[in-house]
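Engineer: First the structure, then my questions, so here it is.
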Amino acid sequence: MASLETNERRRRVILLGLLTPPTIFLAIFFLAPLAIMVIYSWLEPGLYGGVIWNFYDLNYGRILGWADSKYEKFDLVYLIIFLKSVRLALTTVFISLIICYPAAFWISRMSEGKKNLFLFLITLPFFVSLILRLFAWVLILRPTGFLNQALLGLGIITEPLHIIFTDVAVIIGMTYIFIPFMFLPLYASIEKLDLSLMEASADLGATQFQTFRRVIFPLTLPGIIGGSIIVFIPALGNFIVPSVLGGAKVMMIGNLIEQQFLSARNWPFGSALGMIVMASVLLLLIYYVKIMAREDQMTSAPAVKEVS
Amino acid sequence: MTPILSISDATKRYNTPDGNVITALDNVSLVVEQNEFVTLLGPSGCGKTTLLRTISGFEDLETGSIQIDGSTVTHLPAHKRPVNTVFQKYALFPHMSISKNVAYSLEVSGVSKSQITTRVGKMLELVGLEGFENRKVNQLSGGQQQRVALARSLIAQPKILLLDEPLSALDKNLRHKMQQELKTLQEEIGIAFVFVTHDQEEALTMSDRIVVLSDGKIQQLGTPEDIYRRPENEFVARFVGEGNLFDGEVTQSTTKGASVTLTTGQKTVVSQSGLKKGDKVKLLARPEDVLIGKSSNTKDITFNGTVDHVNFIGAEYQILAKSKDGTSIKATFRPDVEQRDQIAGVGSDIRLYVPKEALHVITKEKVI
């Protein structure tokens, strides 16, 4: 017994030793900046940047509607920008889902070698700088770019399409950069889909559509939700794509926050905007975790073993 | 009465990745009568699962045709065929409750809610799972999952139930119990079962008729007794049960039987007719037909040797004996109470014989 106890104690010491450094690291470099953001969002902005250490709720008031118009003015534009960002992010999620779902099915049924090649190809863009890839899209989408030249050359259009510096360009760009993030969780849940379940469904008289609706879709739902969230969160706060492909005409919440921190030097207001984005994402995540907990209960591996 | 299933000249070939062609089914014809329990038996890769999958509609035939209850279904997709399958690993839907699983085929075909509830209730009662309606699949044991799979495939009242090695995942005791239950269930509901297995004991216990398959061909089709006592070729004799095979040559043949001289020089007679003088044959003797002692009939096959191996398997003993010329013989016997302590030990001399009535003549190696 005594040796058991010392073993247990030694195990605890080792665990403590191993876990302390990362905990401290995360606390300093992850939680501390977050705490600064939270605190700043409730402080008064200084006249020439910086903060005045007064409790000040008008940063949120400007956005959500209780500014007193003496110091700060409530302006609906911030909410409109936020909602527009949500709309662009949701569109991105939807389009990448439509592209990735069949692709994941297709790749998951390939032979082992081909499968690995395609998975590699999907992660290939990560090897090139994001900014470079986005500027490549500028070259493709601009009025004298590849897309317009091709369409003009084929006689499909007579005047160049104005895609660059529009919402469409931003959606194309975001879909392009986030497709791998949608693909991988989808692929993970589609690949482990048991083919015999689909045969069982057909055997029991279900048409292909019924099989999809009743078996394939519910079983791949965790992947769909997971991929959608992983794409939605960075798409919502994205500022690189709108600033490169959206130009001055498309403003997303990420650009607004960037402006507040860098140009306007109003850190408290930027923090408040950031907090609102974070709060909405957090709500979404809580919802996701709840759904996943329910799914897990249902789909964990069936035990093929007699308990007698 | 029209047969419930009739397969004629079914052929199916596969291309392997390295360019070879595998013939999974080679001109297979099979007729299953109403209410019959037919087992497809064979080693892995013999084509039994392919045959089952062509009946259920998951595999297309290259040539040949399939009729179910008189109507041709050869090119009908799986979901339109009046048959249901119990899959090897059950393939229960993990995201549905037990009652949802069982109700699946009724729900997709648009049966009314109230009818579904009554029929699911009855079905679960039939397989002994009442009260499990709202459980999830992973909360059930293997045997219970097996029953759910059965209930799910029986609820739509298929004309034939196809079973693809459904008992292979269960442990031995439970497997025996389920064999009995399946057989009883089949008699109770009165539909034809086509059962795939590689377990010959299982096939012998449950079937009305057994189809022994190898290399995509039917090696023999018959009752369990036919298959075991009167195998038509060496493959069947060796695959089903254990056996001793003696090589010999027909020296004389009449309408009543034939005389055979074994390679060991012993002479014996068999009752099979139709053999020709000079035919090379093999004589099959099952281990339980090999007796200990000295034969009183000169036409019995006798064997003198030493005991090489003794296996005690509960009710019976298996003995492997070797003669001086190197041939060996397998015998199983159940000793009486008095004999129990007198079992010959390894290395001791033993005399064995096979009554000539127990010999079965095999002329062919295999159907190819």
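Just so we're on the same page: first chain in the structure tokens is A, next is B, and so on; residues restart at 1 for each chain, and ligands are numbered from 1 in the order they show up.
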At a cut-off of 8 Å, using only C-alpha atoms, what residues contact A:Met198? Leave out same-chain residues fewer than 6 positions from it and give the result as a list in words.
Structural biologist: Thr211, Val215 and Ile216 of chain A
Engineer: Tell me the residues of chain B close to chain A, meaning within 10 Å using only C-alpha atoms, as a ChimeraX atom specification.
Structural biologist: /B:56-58,77-97,102-109,135-146,149,152-156,158,169-171,174
Engineer: For a test of reading the model, state the distance in Å between atom CA of A:Phe232 and atom CA of A:Leu285, rounded to one decimal.
Structural biologist: 10.9 Å
Engineer: Please return, as a ChimeraX atom specification, all residues of stretch 215-287 of chain A that DSSP assigns to helix (DSSP H, G or I) on the basis of the backbone.
Structural biologist: /A:215-236,240-245,253-262,267-287
Engineer: I need the residues in stretch 3-188 of chain B that are strand (DSSP E) according to DSSP; give them as JSON, numbers by chain.
Structural biologist: {"B": [5, 6, 7, 8, 9, 10, 11, 12, 13, 14, 15, 21, 22, 23, 24, 25, 26, 27, 28, 29, 30, 31, 32, 37, 38, 39, 40, 41, 63, 64, 65, 66, 67, 68, 71, 72, 83, 84, 85, 86, 160, 161, 162, 163, 164]}
Engineer: Do you know which residues are at most 12 Å from A:Met278 counting only C-alpha atoms, after dropping those on the same chain fewer than 6 positions away, and could you put them as a PyMOL selection string?
Structural biologist: chain A and resi 34+37-38+82+233-234+236-237+253-254+271-272+284-285
Engineer: Kindly save the residues from that selection, with N, CA, C and O atoms included, as an mmCIF file, in the first residue's frame.
Structural biologist:
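Written file, again_36.cif:
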```cif
data_model
loop_
_atom_site.group_PDB
_atom_site.id
_atom_site.type_symbol
_atom_site.label_atom_id
_atom_site.label_comp_id
_atom_site.auth_asym_id
_atom_site.auth_seq_id
_atom_site.Cartn_x
_atom_site.Cartn_y
_atom_site.Cartn_z
ATOM 1 N N LEU A 34 -6.491 38.977 -23.466
ATOM 2 C CA LEU A 34 -7.949 38.953 -23.456
ATOM 3 C C LEU A 34 -8.477 39.818 -22.312
ATOM 4 O O LEU A 34 -9.419 40.599 -22.474
ATOM 5 N N MET A 37 -8.258 43.392 -23.137
ATOM 6 C CA MET A 37 -9.365 43.760 -24.026
ATOM 7 C C MET A 37 -10.650 43.997 -23.236
ATOM 8 O O MET A 37 -11.353 44.993 -23.436
ATOM 9 N N VAL A 38 -10.940 43.039 -22.318
ATOM 10 C CA VAL A 38 -12.176 43.151 -21.547
ATOM 11 C C VAL A 38 -12.162 44.449 -20.740
ATOM 12 O O VAL A 38 -13.132 45.207 -20.726
ATOM 13 N N PHE A 82 -21.835 44.863 -38.556
ATOM 14 C CA PHE A 82 -21.754 43.551 -37.909
ATOM 15 C C PHE A 82 -22.663 42.546 -38.617
ATOM 16 O O PHE A 82 -22.255 41.432 -38.937
ATOM 17 N N ILE A 233 -16.304 31.351 -37.813
ATOM 18 C CA ILE A 233 -15.628 32.208 -36.837
ATOM 19 C C ILE A 233 -14.553 33.075 -37.489
ATOM 20 O O ILE A 233 -14.601 34.306 -37.376
ATOM 21 N N PRO A 234 -13.572 32.492 -38.195
ATOM 22 C CA PRO A 234 -12.569 33.388 -38.800
ATOM 23 C C PRO A 234 -13.144 34.240 -39.931
ATOM 24 O O PRO A 234 -12.651 35.338 -40.175
ATOM 25 N N LEU A 236 -16.077 35.631 -39.966
ATOM 26 C CA LEU A 236 -16.787 36.754 -39.353
ATOM 27 C C LEU A 236 -15.824 37.886 -39.002
ATOM 28 O O LEU A 236 -16.111 39.056 -39.227
ATOM 29 N N GLY A 237 -14.671 37.528 -38.441
ATOM 30 C CA GLY A 237 -13.755 38.568 -37.980
ATOM 31 C C GLY A 237 -12.686 38.909 -39.003
ATOM 32 O O GLY A 237 -11.759 39.657 -38.711
ATOM 33 N N ILE A 253 -16.684 43.764 -40.035
ATOM 34 C CA ILE A 253 -16.446 44.137 -38.641
ATOM 35 C C ILE A 253 -14.949 44.101 -38.319
ATOM 36 O O ILE A 253 -14.439 44.923 -37.560
ATOM 37 N N GLY A 254 -14.233 43.172 -38.965
ATOM 38 C CA GLY A 254 -12.789 43.066 -38.738
ATOM 39 C C GLY A 254 -12.069 44.337 -39.159
ATOM 40 O O GLY A 254 -11.161 44.816 -38.469
ATOM 41 N N SER A 271 -12.018 47.531 -28.617
ATOM 42 C CA SER A 271 -12.171 46.382 -27.726
ATOM 43 C C SER A 271 -13.632 46.008 -27.570
ATOM 44 O O SER A 271 -13.995 44.831 -27.577
ATOM 45 N N ALA A 272 -14.476 47.034 -27.429
ATOM 46 C CA ALA A 272 -15.904 46.760 -27.254
ATOM 47 C C ALA A 272 -16.459 46.042 -28.476
ATOM 48 O O ALA A 272 -17.212 45.067 -28.365
ATOM 49 N N LEU A 284 -22.474 30.730 -30.080
ATOM 50 C CA LEU A 284 -22.529 29.720 -31.132
ATOM 51 C C LEU A 284 -21.813 28.441 -30.684
ATOM 52 O O LEU A 284 -22.301 27.322 -30.874
ATOM 53 N N LEU A 285 -20.644 28.619 -30.057
ATOM 54 C CA LEU A 285 -19.862 27.458 -29.627
ATOM 55 C C LEU A 285 -20.581 26.665 -28.550
ATOM 56 O O LEU A 285 -20.553 25.432 -28.548
#
```
